[in-house]
$ cat start_35.cif   # mmCIF, C-alpha atoms
data_input
loop_
_atom_site.label_atom_id
_atom_site.label_comp_id
_atom_site.auth_asym_id
_atom_site.auth_seq_id
_atom_site.Cartn_x
_atom_site.Cartn_y
_atom_site.Cartn_z
CA ALA A 30 0.00 0.00 0.00
CA ALA A 31 2.87 2.38 0.81
CA TYR A 32 4.55 1.75 -2.53
CA LEU A 33 1.25 2.23 -4.36
CA ASP A 34 0.65 5.50 -2.56
CA SER A 35 4.17 6.81 -3.22
CA THR A 36 3.88 5.88 -6.90
CA TYR A 37 0.53 7.62 -7.20
CA ASN A 38 1.91 10.73 -5.47
CA GLN A 39 5.05 10.79 -7.61
CA ASP A 40 3.18 10.42 -10.91
CA THR A 41 0.58 13.05 -10.10
CA ALA A 42 3.32 15.40 -8.84
CA LEU A 43 4.84 15.11 -12.31
CA GLY A 44 1.54 16.38 -13.71
CA PHE A 45 0.02 13.13 -14.96
CA LEU A 46 -3.73 12.64 -14.74
CA SER A 47 -5.05 10.24 -12.11
CA PRO A 48 -6.50 7.01 -13.52
CA PRO A 49 -10.20 7.42 -14.35
CA SER A 50 -12.51 6.39 -11.51
CA ASP A 51 -14.52 3.21 -12.04
CA GLY A 52 -17.45 4.78 -10.19
CA GLY A 53 -17.69 2.08 -7.52
CA VAL A 54 -17.01 -1.09 -9.52
CA GLY A 55 -15.05 -3.47 -7.29
CA GLY A 56 -16.54 -2.18 -4.04
CA ASP A 57 -15.93 1.58 -3.98
CA SER A 58 -14.52 4.41 -6.10
CA ARG A 59 -10.92 3.88 -5.00
CA TYR A 60 -8.49 2.28 -7.45
CA ASP A 61 -8.72 -1.52 -7.38
CA VAL A 62 -5.68 -3.75 -6.87
CA TYR A 63 -5.79 -7.55 -6.76
CA PHE A 64 -3.22 -10.28 -6.11
CA GLU A 65 -2.75 -13.52 -7.99
CA SER A 66 -0.52 -16.57 -8.12
CA MET A 67 0.99 -16.34 -11.63
CA ILE A 68 4.25 -16.47 -13.59
CA TYR A 69 4.16 -12.73 -14.37
CA TYR A 70 5.12 -9.77 -12.19
CA GLY A 71 1.66 -8.32 -12.73
CA TYR A 72 -0.58 -6.62 -15.26
CA ALA A 73 -2.91 -3.66 -15.73
CA GLN A 74 -6.31 -4.42 -17.22
CA PRO A 75 -8.49 -1.86 -19.04
CA GLU A 76 -12.04 -2.36 -17.86
CA ALA A 77 -14.56 0.06 -19.35
CA PHE A 78 -14.74 3.30 -21.33
CA GLY A 79 -13.88 6.26 -19.14
CA PRO A 80 -15.82 9.47 -18.58
CA ALA A 81 -13.58 11.83 -20.59
CA PRO A 82 -14.36 12.99 -24.15
CA TRP A 83 -11.27 11.19 -25.43
CA ASN A 84 -10.22 7.53 -25.67
CA ASP A 85 -9.75 6.84 -21.94
CA ALA A 86 -10.55 3.71 -19.97
CA THR A 87 -10.95 2.65 -16.35
CA SER A 88 -8.75 -0.20 -15.20
CA TYR A 89 -7.48 -2.30 -12.31
CA LEU A 90 -4.13 -3.85 -11.33
CA VAL A 91 -3.30 -7.47 -10.68
CA LEU A 92 0.00 -8.03 -8.83
CA HIS A 93 1.96 -11.18 -8.04
CA LYS A 94 1.00 -12.45 -4.62
CA SER A 95 4.53 -12.78 -3.22
CA PHE A 96 7.16 -11.55 -5.74
CA MET A 97 9.35 -14.55 -4.99
CA GLY A 98 11.41 -16.26 -7.70
CA PHE A 99 12.07 -13.32 -10.02
CA PRO A 100 15.51 -12.24 -11.34
CA PRO A 101 17.77 -10.31 -8.96
CA ASN A 102 17.84 -6.53 -8.82
CA SER A 103 19.85 -3.92 -6.94
CA ASP A 104 17.17 -2.64 -4.55
CA PRO A 105 18.63 -1.89 -1.09
CA GLU A 106 15.61 -3.63 0.49
CA GLY A 107 16.23 -6.85 -1.42
CA ASP A 108 15.07 -8.59 -4.58
CA GLN A 109 11.54 -9.36 -3.37
CA LEU A 110 10.61 -5.81 -2.39
CA GLY A 111 12.51 -4.46 -5.39
CA ALA A 112 10.40 -6.58 -7.75
CA MET A 113 7.27 -5.40 -5.95
CA LYS A 114 8.23 -1.73 -6.25
CA VAL A 115 9.01 -1.73 -9.95
CA THR A 116 5.91 -3.79 -10.78
CA ILE A 117 3.73 -1.27 -8.99
CA ALA A 118 5.47 1.63 -10.75
CA HIS A 119 5.21 -0.06 -14.15
CA GLU A 120 1.65 -1.34 -13.98
CA PHE A 121 0.22 1.73 -12.28
CA HIS A 122 1.73 3.85 -15.04
CA HIS A 123 -0.23 1.74 -17.52
CA SER A 124 -3.38 2.75 -15.67
CA ILE A 125 -2.37 6.40 -16.14
CA GLN A 126 -1.70 5.77 -19.84
CA PHE A 127 -5.22 4.30 -20.14
CA GLY A 128 -6.52 7.63 -18.85
CA TYR A 129 -5.09 9.35 -21.94
CA ASP A 130 -5.49 6.75 -24.70
CA TYR A 131 -5.87 3.07 -23.83
CA SER A 132 -5.40 1.92 -27.43
CA GLU A 133 -1.90 3.27 -28.07
CA SER A 134 0.81 1.00 -29.51
CA SER A 135 2.26 -1.42 -26.98
CA TRP A 136 5.88 -0.71 -28.00
CA PHE A 137 5.60 2.81 -26.61
CA MET A 138 3.37 1.91 -23.68
CA GLU A 139 5.84 -0.72 -22.50
CA LEU A 140 9.03 1.29 -22.94
CA ASP A 141 7.37 4.25 -21.20
CA ALA A 142 6.13 2.16 -18.26
CA THR A 143 9.52 0.42 -17.92
CA TYR A 144 11.31 3.78 -17.98
CA THR A 145 8.93 4.96 -15.22
CA GLU A 146 10.29 2.22 -12.95
CA ASP A 147 13.50 4.27 -12.73
CA VAL A 148 11.59 7.48 -12.11
CA ASN A 149 9.79 6.04 -9.06
CA PHE A 150 12.44 3.64 -7.74
CA PRO A 151 15.83 4.68 -9.17
CA LEU A 152 17.90 2.27 -7.07
CA THR A 153 16.16 -0.96 -8.06
CA HIS A 154 17.27 -1.40 -11.70
CA ASP A 155 15.18 -4.50 -12.26
CA ASN A 156 14.66 -3.26 -15.83
CA TYR A 157 18.38 -3.73 -16.50
CA ASN A 158 17.60 -7.45 -16.73
CA TYR A 159 16.07 -6.69 -20.16
CA LEU A 160 18.91 -4.61 -21.61
CA SER A 161 20.67 -7.44 -23.43
CA ALA A 162 17.63 -7.71 -25.72
CA TYR A 163 18.37 -4.19 -27.01
CA PHE A 164 22.16 -4.25 -27.11
CA THR A 165 22.43 -7.64 -28.84
CA SER A 166 19.84 -6.69 -31.49
CA PRO A 167 20.48 -3.05 -32.45
CA ALA A 168 19.03 -3.63 -35.94
CA MET A 169 15.61 -4.47 -34.48
CA SER A 170 13.15 -1.60 -34.81
CA LEU A 171 12.36 0.42 -31.71
CA MET A 172 8.72 -0.25 -32.61
CA THR A 173 9.02 -4.05 -32.51
CA GLU A 174 6.37 -5.47 -30.21
CA ASN A 175 7.88 -8.64 -28.78
CA GLY A 176 8.09 -8.33 -24.99
CA SER A 177 11.75 -8.19 -23.96
CA HIS A 178 12.73 -5.77 -26.72
CA GLU A 179 9.84 -3.45 -25.80
CA TYR A 180 10.93 -3.45 -22.16
CA SER A 181 14.62 -3.02 -22.98
CA SER A 182 13.77 0.02 -25.13
CA PHE A 183 13.08 1.96 -21.93
CA ILE A 184 16.52 3.51 -22.46
CA TRP A 185 14.93 5.60 -25.25
CA GLY A 186 12.67 7.11 -22.58
CA LYS A 187 15.67 7.67 -20.30
CA TYR A 188 17.57 9.37 -23.13
CA LEU A 189 14.63 11.71 -23.82
CA ASP A 190 14.38 12.54 -20.11
CA GLN A 191 18.10 13.24 -19.70
CA ARG A 192 18.72 14.91 -23.06
CA PHE A 193 15.68 17.19 -22.91
CA GLU A 194 13.53 17.23 -19.75
CA PRO A 195 11.38 14.86 -17.63
CA SER A 196 8.13 16.61 -18.59
CA LEU A 197 8.58 15.55 -22.21
CA MET A 198 6.91 12.16 -21.72
CA ARG A 199 3.90 13.73 -20.03
CA ALA A 200 3.54 16.15 -22.94
CA VAL A 201 3.49 13.18 -25.32
CA TRP A 202 0.51 11.65 -23.50
CA GLU A 203 -1.29 14.97 -23.25
CA GLY A 204 -1.13 15.30 -27.01
CA ALA A 205 -2.32 11.72 -27.50
CA ARG A 206 -5.66 12.51 -25.85
CA TYR A 207 -6.85 14.22 -29.01
CA GLY A 208 -6.42 11.53 -31.62
CA ALA A 209 -2.75 11.77 -32.59
CA SER A 210 -0.45 8.81 -31.96
CA VAL A 211 2.26 9.06 -29.31
CA TYR A 212 4.80 8.82 -32.15
CA ASN A 213 3.36 11.97 -33.75
CA THR A 214 2.97 13.87 -30.49
CA LEU A 215 6.58 13.07 -29.54
CA SER A 216 7.71 14.43 -32.90
CA ASP A 217 5.57 17.56 -32.49
CA THR A 218 6.82 18.18 -28.95
CA LEU A 219 10.50 17.73 -29.83
CA LEU A 220 10.16 20.11 -32.76
CA GLY A 221 8.00 22.68 -30.99
CA ARG A 222 9.95 22.83 -27.73
CA TYR A 223 13.52 22.17 -28.79
CA GLY A 224 13.74 22.43 -32.57
CA TRP A 225 14.73 18.77 -32.86
CA THR A 226 13.21 16.09 -35.06
CA GLN A 227 12.54 12.67 -33.61
CA ASP A 228 14.80 11.28 -36.35
CA SER A 229 17.76 13.40 -35.27
CA ALA A 230 17.17 12.56 -31.61
CA PHE A 231 17.16 8.84 -32.33
CA ALA A 232 20.31 9.12 -34.45
CA GLU A 233 22.14 10.78 -31.57
CA PHE A 234 20.72 8.20 -29.14
CA ALA A 235 22.01 5.36 -31.33
CA SER A 236 25.49 6.87 -31.51
CA TRP A 237 25.61 7.42 -27.74
CA ASN A 238 24.75 3.77 -27.14
CA TYR A 239 28.19 2.83 -28.39
CA ALA A 240 29.84 4.40 -25.33
CA THR A 241 28.94 1.97 -22.55
CA VAL A 242 30.83 -0.19 -20.00
CA SER A 243 34.54 -0.12 -20.95
CA ARG A 244 33.76 2.39 -23.75
CA ASN A 245 31.91 4.74 -21.38
CA ASP A 246 33.32 8.28 -21.62
CA GLY A 247 31.18 9.66 -18.80
CA LEU A 248 29.56 12.20 -21.12
CA HIS A 249 26.43 10.47 -22.33
CA PRO A 250 23.87 8.13 -20.66
CA THR A 251 24.09 8.57 -16.89
CA ASP A 252 24.04 4.79 -16.36
CA ALA A 253 26.22 3.90 -19.35
CA ALA A 254 28.84 2.32 -17.09
CA VAL A 255 26.44 -0.52 -16.28
CA TYR A 256 24.72 -0.85 -19.67
CA PRO A 257 25.89 -3.81 -21.82
CA LEU A 258 28.35 -3.32 -24.66
CA MET A 259 26.71 -2.68 -28.01
CA SER A 260 26.91 -5.57 -30.46
CA ILE A 261 29.19 -4.74 -33.41
CA GLY A 262 27.97 -6.07 -36.74
CA ARG A 263 31.31 -6.12 -38.56
CA THR A 264 34.93 -5.18 -37.86
CA HIS A 265 37.58 -4.15 -40.41
CA SER A 266 41.35 -3.88 -40.02
CA SER A 267 42.62 -4.46 -43.57
CA TYR A 268 42.35 -1.89 -46.38
CA PRO A 269 41.10 -0.97 -48.90
CA ILE A 270 37.65 -2.45 -48.27
CA THR A 271 35.39 -3.42 -51.14
CA LEU A 272 32.03 -1.65 -50.96
CA GLN A 273 29.73 -3.80 -48.83
CA ASN A 274 26.17 -3.92 -47.64
CA SER A 275 25.67 -3.38 -43.94
CA PRO A 276 26.08 -6.53 -41.83
CA ASN A 277 22.36 -6.46 -41.12
CA SER A 278 19.36 -4.53 -42.37
CA PRO A 279 18.23 -2.08 -39.68
CA GLY A 280 14.52 -1.67 -39.15
CA GLY A 281 12.86 1.70 -38.64
CA TYR A 282 14.53 3.51 -35.74
CA ALA A 283 17.27 0.93 -35.43
CA ALA A 284 21.01 0.86 -36.08
CA SER A 285 23.94 -1.12 -37.39
CA TYR A 286 27.46 -0.71 -36.05
CA VAL A 287 30.64 -1.20 -38.10
CA GLN A 288 34.06 -0.85 -36.47
CA PHE A 289 37.36 0.13 -38.10
CA PHE A 290 40.80 -0.55 -36.62
CA PRO A 291 43.93 0.75 -38.38
CA GLY A 292 45.78 -2.56 -38.42
CA THR A 293 48.99 -1.89 -40.35
CA ALA A 294 47.44 0.92 -42.39
CA THR A 295 48.56 4.54 -42.10
CA GLY A 296 47.22 7.79 -43.48
CA ASN A 297 43.63 8.93 -43.98
CA LEU A 298 40.59 6.70 -43.59
CA HIS A 299 37.98 7.57 -46.24
CA ILE A 300 34.48 6.37 -45.31
CA VAL A 301 31.66 6.34 -47.85
CA PHE A 302 28.03 5.75 -46.85
CA ASP A 303 25.23 5.23 -49.38
CA GLY A 304 21.87 4.25 -47.92
CA ALA A 305 19.05 2.62 -49.87
CA ASP A 306 17.02 5.41 -51.47
CA THR A 307 13.70 3.88 -50.37
CA ARG A 308 14.45 4.62 -46.70
CA GLU A 309 15.68 7.53 -44.61
CA TRP A 310 19.13 7.29 -43.03
CA ALA A 311 21.54 9.01 -40.69
CA ALA A 312 25.20 8.10 -40.27
CA TYR A 313 27.56 8.97 -37.46
CA VAL A 314 31.27 8.34 -36.99
CA VAL A 315 32.55 7.76 -33.45
CA LYS A 316 36.27 8.52 -33.44
CA SER A 317 37.98 6.88 -30.47
CA THR A 318 41.32 8.27 -29.29
CA ALA A 319 41.26 5.77 -26.41
CA THR A 320 38.95 2.95 -25.37
CA ASN A 321 36.78 5.41 -23.42
CA ALA A 322 37.46 8.72 -25.21
CA HIS A 323 35.39 9.55 -28.28
CA GLN A 324 34.59 12.35 -30.70
CA TYR A 325 31.29 12.26 -32.60
CA GLU A 326 30.85 13.51 -36.13
CA LYS A 327 27.84 13.25 -38.41
CA ILE A 328 28.28 12.27 -42.05
CA VAL A 329 26.24 14.78 -44.06
CA LEU A 330 24.02 12.77 -46.42
CA ALA A 331 22.53 14.11 -49.64
CA PRO A 332 18.72 14.35 -49.55
CA GLY A 333 17.02 11.57 -51.50
CA THR A 334 20.11 9.49 -52.17
CA TYR A 335 21.34 9.36 -48.54
CA SER A 336 24.95 9.26 -49.68
CA GLY A 337 27.94 11.02 -48.20
CA SER A 338 31.54 10.58 -47.13
CA LEU A 339 33.92 11.59 -44.39
CA ASP A 340 37.70 11.53 -44.00
CA ILE A 341 39.53 10.74 -40.76
CA PRO A 342 43.12 12.00 -41.07
CA ASN A 343 46.05 10.08 -39.64
CA ILE A 344 44.08 7.13 -38.30
CA GLN A 345 45.90 5.30 -35.52
#
$ encode --input "start_35.cif" --output "structure tokens"
Amino acid sequence: AAYLDSTYNQDTALGFLSPPSDGGVGGDSRYDVYFESMIYYGYAQPEAFGPAPWNDATSYLVLHKSFMGFPPNSDPEGDQLGAMKVTIAHEFHHSIQFGYDYSESSWFMELDATYTEDVNFPLTHDNYNYLSAYFTSPAMSLMTENGSHEYSSFIWGKYLDQRFEPSLMRAVWEGARYGASVYNTLSDTLLGRYGWTQDSAFAEFASWNYATVSRNDGLHPTDAAVYPLMSIGRTHSSYPITLQNSPNSPGGYAASYVQFFPGTATGNLHIVFDGADTREWAAYVVKSTATNAHQYEKIVLAPGTYSGSLDIPNIQ
């Protein structure tokens, strides 16, 4: 009950709407929470159309009855209470989402709710158990709806919070009340508030994700030191290189990473990028002067053809 109350207070203090009242269904007008013996942490269940003039819904929560047997986390009160805390934060945030638009895409609902676990209980890090799904499959679209990848994509929400401001996610849901998708309202908010496109934000996010663990330069994600290493699709150390396709075909809002070591080569490294014209691309070069020291440079791509090049002098 204490964790539920603190989560409710935290979310409403951030300006989110309270979940719509069910008007007495379940015994009274207070929000209903049940407990069940199950293999899941818990779930939030939309119940009926809400009272607002938009696409809202009433709901209830079902939580695991004991929170025993789940993966470890870093909560100072232990794994059991840690699992309880983040489940409450996650599932209760779904009930808030249902108050704005209960029919939004699950990929955003899940990454947003998983990101909110860190907002409410920043020491628990249960969601880090999902991160390998993102870092081992960078070419998988951010919008893939397959469970672990949706949850692991919470780092997109953390990036938006840290790069811009925490109120950004609330603004996305406020816009979604009036018929636009959360994808469109995020784009509108980024452009209107900060002059950024969602495309450019994701491109920067993808480049930052290279600098984790041993490659962490301390300048990018605040928790990069404990994120997994990004999976590299292909590595080169012998030159010249025959023009090649990327090692995998990135989905929408996804990435592919190619690494270049000098080997015995000296002089300038000339990189050419030419993306398929049927898609939109961005390309970044991360120039590492040490394992954990990097400079970032964008390859300017021609509109329509998505082709461009960049020279790195005196590669070593």
$ residues_around --input "start_35.cif" --residues "region 306-309 of chain A" --least-positions-apart "3" --cutoff "12 Å" --atoms "only C-alpha atoms" --output "list in words"
Asp228, Ser229, Ala232, Ser278, Pro279, Gly280, Gly281, Tyr282, Ala283, Phe302, Asp303, Ala312, Leu330, Ala331, Pro332, Gly333, Thr334, Tyr335 and Ser336 of chain A
$ resolve_selection --input "start_35.cif" --expression "the PyMOL selection byres ((chain A and resi 244) around 10)" --output "list in words"
Asn238, Tyr239, Ala240, Thr241, Val242, Ser243, Asn245, Asp246, Gly247, Ala253, Ala254, Leu258, Met259, Ser317, Ala319, Thr320, Asn321, Ala322 and His323 of chain A
$ residues_near_point --input "start_35.cif" --point "(39.9, 8.3, -42.0)" --cutoff "6 Å" --atoms "only C-alpha atoms" --output "PyMOL selection string"
chain A and resi 297-299+340-342+344
$ closest_residue --input "start_35.cif" --among "A:Pro167, A:Tyr159, A:Phe234, A:Ser210" --to "Trp185 (chain A)" --atoms "all atoms listed in the file"
A:Phe234
$ atom_distance --input "start_35.cif" --atom1 "CA of Asp104 (chain A)" --atom2 "CA of Leu152 (chain A)"
5.6 Å
$ residues_near_point --input "start_35.cif" --point "(13.7, 8.4, -27.5)" --cutoff "6 Å" --atoms "only C-alpha atoms" --output "PDB file with C-alpha atoms, in the coordinates of the input"
ATOM      1  CA  TRP A 185      14.930   5.600 -25.250  1.00  0.00           C
ATOM      2  CA  GLY A 186      12.670   7.110 -22.580  1.00  0.00           C
ATOM      3  CA  TYR A 188      17.570   9.370 -23.130  1.00  0.00           C
ATOM      4  CA  LEU A 189      14.630  11.710 -23.820  1.00  0.00           C
ATOM      5  CA  PHE A 231      17.160   8.840 -32.330  1.00  0.00           C
TER       6      PHE A 231
END
$ residues_around --input "start_35.cif" --residues "region 191-204 of chain A" --least-positions-apart "4" --cutoff "6 Å" --atoms "only C-alpha atoms" --output "number ranges by chain"
A: 211, 214-215
$ closest_residue --input "start_35.cif" --among "A:Leu140, A:Ile261, A:Ala112, A:Ala209" --to "His178 (chain A)" --atoms "all atoms listed in the file"
A:Leu140
$ closest_residue --input "start_35.cif" --among "A:Leu33, A:Val62, A:Val54, A:Ile68" --to "Lys114 (chain A)" --atoms "all atoms listed in the file"
A:Leu33
$ atom_distance --input "start_35.cif" --atom1 "CA of Thr145 (chain A)" --atom2 "CA of Pro80 (chain A)"
25.4 Å
$ atom_distance --input "start_35.cif" --atom1 "CA of Asp190 (chain A)" --atom2 "CA of Leu46 (chain A)"
18.9 Å
$ decode --input "start_35.cif" --residues "region 37-67 of chain A" --atoms "N, CA and C atoms" --output "CSV table (one decimal), in the first residue's frame"
chain,number,residue,atom,x,y,z
A,37,TYR,N,1.6,6.7,-6.8
A,37,TYR,CA,0.5,7.6,-7.2
A,37,TYR,C,1.0,9.1,-7.0
A,38,ASN,N,1.5,9.4,-5.8
A,38,ASN,CA,1.9,10.7,-5.5
A,38,ASN,C,3.0,11.2,-6.4
A,39,GLN,N,4.0,10.4,-6.7
A,39,GLN,CA,5.1,10.8,-7.6
A,39,GLN,C,4.5,11.1,-9.0
A,40,ASP,N,3.7,10.2,-9.5
A,40,ASP,CA,3.2,10.4,-10.9
A,40,ASP,C,2.3,11.7,-11.0
A,41,THR,N,1.4,11.9,-10.0
A,41,THR,CA,0.6,13.1,-10.1
A,41,THR,C,1.4,14.3,-9.8
A,42,ALA,N,2.5,14.2,-9.0
A,42,ALA,CA,3.3,15.4,-8.8
A,42,ALA,C,4.0,15.8,-10.1
A,43,LEU,N,4.2,14.8,-11.0
A,43,LEU,CA,4.8,15.1,-12.3
A,43,LEU,C,3.8,15.7,-13.3
A,44,GLY,N,2.6,15.8,-12.9
A,44,GLY,CA,1.5,16.4,-13.7
A,44,GLY,C,0.7,15.4,-14.5
A,45,PHE,N,0.9,14.1,-14.3
A,45,PHE,CA,0.0,13.1,-15.0
A,45,PHE,C,-1.4,13.1,-14.4
A,46,LEU,N,-2.4,12.8,-15.2
A,46,LEU,CA,-3.7,12.6,-14.7
A,46,LEU,C,-3.8,11.4,-13.8
A,47,SER,N,-4.7,11.4,-12.9
A,47,SER,CA,-5.1,10.2,-12.1
A,47,SER,C,-5.8,9.3,-13.0
A,48,PRO,N,-5.7,8.0,-12.7
A,48,PRO,CA,-6.5,7.0,-13.5
A,48,PRO,C,-8.0,7.3,-13.4
A,49,PRO,N,-8.8,7.2,-14.4
A,49,PRO,CA,-10.2,7.4,-14.3
A,49,PRO,C,-10.9,6.6,-13.3
A,50,SER,N,-11.8,7.1,-12.5
A,50,SER,CA,-12.5,6.4,-11.5
A,50,SER,C,-13.5,5.4,-12.2
A,51,ASP,N,-13.6,4.2,-11.5
A,51,ASP,CA,-14.5,3.2,-12.0
A,51,ASP,C,-15.9,3.4,-11.5
A,52,GLY,N,-16.1,4.5,-10.7
A,52,GLY,CA,-17.4,4.8,-10.2
A,52,GLY,C,-18.0,3.8,-9.2
A,53,GLY,N,-17.2,3.0,-8.5
A,53,GLY,CA,-17.7,2.1,-7.5
A,53,GLY,C,-17.6,0.6,-7.9
A,54,VAL,N,-17.2,0.3,-9.1
A,54,VAL,CA,-17.0,-1.1,-9.5
A,54,VAL,C,-15.9,-1.7,-8.7
A,55,GLY,N,-16.1,-2.9,-8.1
A,55,GLY,CA,-15.0,-3.5,-7.3
A,55,GLY,C,-15.2,-3.1,-5.8
A,56,GLY,N,-16.3,-2.4,-5.5
A,56,GLY,CA,-16.5,-2.2,-4.0
A,56,GLY,C,-16.7,-0.7,-3.7
A,57,ASP,N,-15.8,0.1,-4.2
A,57,ASP,CA,-15.9,1.6,-4.0
A,57,ASP,C,-15.2,2.3,-5.1
A,58,SER,N,-15.1,3.6,-5.0
A,58,SER,CA,-14.5,4.4,-6.1
A,58,SER,C,-13.0,4.5,-6.1
A,59,ARG,N,-12.4,3.9,-5.1
A,59,ARG,CA,-10.9,3.9,-5.0
A,59,ARG,C,-10.4,2.9,-6.0
A,60,TYR,N,-9.1,3.1,-6.4
A,60,TYR,CA,-8.5,2.3,-7.4
A,60,TYR,C,-8.3,0.8,-6.9
A,61,ASP,N,-8.7,-0.1,-7.8
A,61,ASP,CA,-8.7,-1.5,-7.4
A,61,ASP,C,-7.4,-2.2,-7.7
A,62,VAL,N,-6.9,-3.0,-6.7
A,62,VAL,CA,-5.7,-3.7,-6.9
A,62,VAL,C,-5.9,-5.1,-6.3
A,63,TYR,N,-5.6,-6.1,-7.1
A,63,TYR,CA,-5.8,-7.5,-6.8
A,63,TYR,C,-4.5,-8.3,-6.8
A,64,PHE,N,-4.4,-9.5,-6.2
A,64,PHE,CA,-3.2,-10.3,-6.1
A,64,PHE,C,-3.5,-11.7,-6.6
A,65,GLU,N,-2.5,-12.3,-7.3
A,65,GLU,CA,-2.8,-13.5,-8.0
A,65,GLU,C,-1.5,-14.4,-8.0
A,66,SER,N,-1.6,-15.7,-7.9
A,66,SER,CA,-0.5,-16.6,-8.1
A,66,SER,C,-0.3,-16.8,-9.6
A,67,MET,N,0.8,-16.3,-10.2
A,67,MET,CA,1.0,-16.3,-11.6
A,67,MET,C,2.5,-16.3,-11.9
